[in-house]
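Input: a single structure, listed below in structure tokens.
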Amino acid sequence: MITYLKKGKSAEDVAKADAKVRTTVEGILADIEKRGDDAVQELAQKFDGHAAENFRLSPDEINAAISKVSASDIDDIKFAQAQVRNFAEKQKECLKDLEVETMPGVILGHKNVPVNSVGCYVPGGKYPMVASAHMSVLTAKVAGVKRIVASAPPHNGEPHPAIVAAMHMAGADEILVLGGIQAVGTMALGTQSVDAVDMLVGPGNMFVAEAKRQLYGRVGIDLFAGPTETLVIADDSVDAEICAVDILGQAEHGPTSPAALLTNSRALAEATMVEIERQLGVLPTAEIAREAWENYGAIILCDNIDEMVEEADRLAYEHVQVMTEDPDYFKDNMTNYGALFLGPRTNVSFGDKVIGTNHTLPTKKAARYTGGLWVGKFMKTCTYQKVLTDEASALVGGYCSRLCAIEGFAGHGEQANIRARRYGGNSVEPYGIVAKE
């Protein structure tokens, strides 16, 4: 039996908050679409505290920002990007073009074609998310995207040097100093000074996630990647200290970031609640982490491992940290998660910053139907067909004609009929319109 020793906000309260966000986003996107750059400038002044005639950085401005980054920080960014690039390249190797002769004279195939242009959002409000530049820009570059626009909000009134460096080093073609709804709206809708992109990617707060949702269809999106979610799955093979660290280490993302412990040990559950309070007394980011923990945190007690798997799949959290005697059991049996972090030697922070997997992952139960951002998200698998012989065209044409007749599609049928008549002579008797004499 599943027992909640602590619960976060109710689903009803969360839905009410989401409704307010939807209304705000609708109004801002409509304003950007109507007034373009003028609207963006006003929004940037209001929300970013930054006004400029041109939000696209020039090459000189990019170089000036990069010059403020220390050599050691540049080296660390290079290391992280090397890991992300390597894994993305290995993933791309799994994407194979296909061409096969499915029957004599009939060739079917598919090609993996990169999206032409992508807008990459890099969060930078409370925390400058340098790593998000690697995850989106660099992965798009590996995929072969021709035009990559990257945008991040200003930090202390100016472009954040390390974010600009990471964007540039990852291969961004255009760098914008814009945050939030105005950033994704500008990239997706286009303005007088910024051409629209074909696809939006990258994580963000609830406003960014909702803006991507509303823009979907006008442009493609990677997935719904809103406020960070973390589920720690643990048994008594680990202690309360490491569980509390891994919960609060992600709760500090923002006040609406869910973080939960799922365990079959009541002793560990109770000890972790005590340890969380102790750590909140010393954590420098405790103000944010405490609000997230109090409003969205949960402690869930299960009877056994299988019940833990079932509950974890029901929650479908973004990050799932597994610290049990047999963490591979969860890898082998879970189906709904953004990313797994198996064993106490790894953790979500490794994935967020440096180890090489992508940190843009599904939230709000989207893990039920999608994985996270990867090189394949930037590729379109496009099919083609080719018929090489008269015999094949006539054979397929006969079947197609009769199947069209079942559905009553006369025009479709005639497309098949003309091939059957021209390439099959009297050997095929298709249904169809009277043939041209």
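If you're wondering about the labels, chains in the structure tokens are A, B, ... by order shown, residues count from 1 in each chain, ligands from 1 in order shown.
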
As a compact mmCIF listing (two decimals) with C-alpha atoms, in the first residue's frame, list the residues of range 28-246 of chain A assigned to strand (DSSP E or B) by DSSP on the backbone atoms of this structure.
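Output (part.txt):
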```
# COMPACT_ATOMS: atom_id res chain seq x y z
CA ARG A 56 21.09 40.41 -31.43
CA LEU A 98 17.09 3.28 -45.27
CA GLU A 99 16.46 2.06 -48.80
CA VAL A 100 14.98 -1.36 -49.48
CA GLU A 101 13.37 -3.21 -52.40
CA THR A 102 10.19 -4.45 -50.73
CA MET A 103 9.00 -6.36 -53.79
CA VAL A 106 9.42 -1.29 -55.70
CA ILE A 107 11.92 0.80 -53.74
CA LEU A 108 10.98 2.33 -50.37
CA GLY A 109 13.23 4.39 -48.16
CA HIS A 110 13.66 7.12 -45.62
CA LYS A 111 16.16 9.90 -45.05
CA ASN A 112 16.98 11.65 -41.79
CA VAL A 113 16.89 15.34 -42.66
CA PRO A 114 17.91 18.07 -40.18
CA SER A 117 16.38 26.54 -38.28
CA VAL A 118 16.08 26.22 -34.53
CA GLY A 119 15.61 28.64 -31.64
CA CYS A 120 17.39 27.54 -28.46
CA TYR A 121 16.25 29.04 -25.18
CA ARG A 147 20.64 28.19 -38.63
CA ILE A 148 20.75 28.18 -34.83
CA VAL A 149 19.42 31.14 -32.87
CA ALA A 150 20.17 31.15 -29.14
CA SER A 151 18.60 33.44 -26.58
CA ALA A 152 19.16 34.02 -22.87
CA HIS A 155 22.25 38.90 -15.99
CA GLU A 158 24.08 42.70 -19.46
CA GLU A 174 22.76 34.33 -33.81
CA ILE A 175 22.74 35.25 -30.11
CA LEU A 176 19.88 37.25 -28.59
CA VAL A 177 19.73 38.90 -25.18
CA MET A 199 11.54 24.80 -34.10
CA LEU A 200 11.91 25.83 -30.44
CA VAL A 201 13.95 23.89 -27.91
CA TYR A 216 3.36 24.38 -31.00
CA VAL A 219 6.67 25.84 -34.94
CA GLY A 220 7.87 22.48 -33.75
CA ILE A 221 9.03 22.05 -30.17
CA THR A 230 13.16 15.15 -9.20
CA LEU A 231 12.24 11.75 -7.78
CA VAL A 232 14.71 10.03 -5.48
CA ILE A 233 14.07 6.28 -5.25
CA ALA A 234 15.95 4.80 -2.30
```

Which is closer to Leu95 in chain A than all the others in A:Pro258, A:Gly125, A:Gly411, A:Gly376, using only C-alpha atoms?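 Ranking A:Pro258, A:Gly125, A:Gly411, A:Gly376 by distance to Leu95 in chain A, first place goes to A:Gly376.
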
Fewer than 6 positions away in the same chain doesn't count, so skip those; otherwise give me all residues within 12 Å of Leu283 in chain A, counting only C-alpha atoms, as a compact mmCIF listing (two decimals) with C-alpha atoms, in the first residue's frame.
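The resulting file, result-v3.txt, is shown below:
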```txt
# COMPACT_ATOMS: atom_id res chain seq x y z
CA ALA A 244 18.20 15.04 1.33
CA VAL A 245 21.11 16.44 -0.69
CA LEU A 248 17.26 19.89 -2.19
CA GLY A 249 19.92 20.05 -4.90
CA ALA A 251 14.47 21.94 -5.37
CA GLU A 252 16.73 25.00 -5.51
CA GLU A 275 17.70 15.81 7.46
CA ILE A 276 16.01 18.09 4.91
CA GLU A 277 15.13 20.52 7.70
CA ALA A 289 14.49 25.27 -1.96
CA ARG A 290 12.30 25.53 1.14
```

Tell me which of A:Asp306, A:Ile242, A:His253, A:Ala183 sits closest to Pro128 in chain A, counting only C-alpha atoms.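 For Pro128 in chain A, the nearest of the given residues is A:His253.
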
Can you tell me which residues surround Ala51 in chain A at a distance of at most 8 Å, considering only C-alpha atoms, apart from same-chain residues fewer than 5 positions away, and format the answer as a list in words? Gln41, Glu42, Ala44 and Gln45 of chain A

Could you tell me which of A:Gln321, A:Ser72, A:Ser58, A:Ser193 comes closest to Glu229 in chain A if we count only C-alpha atoms?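 Result for the nearest residue to Glu229 in chain A: A:Gln321.
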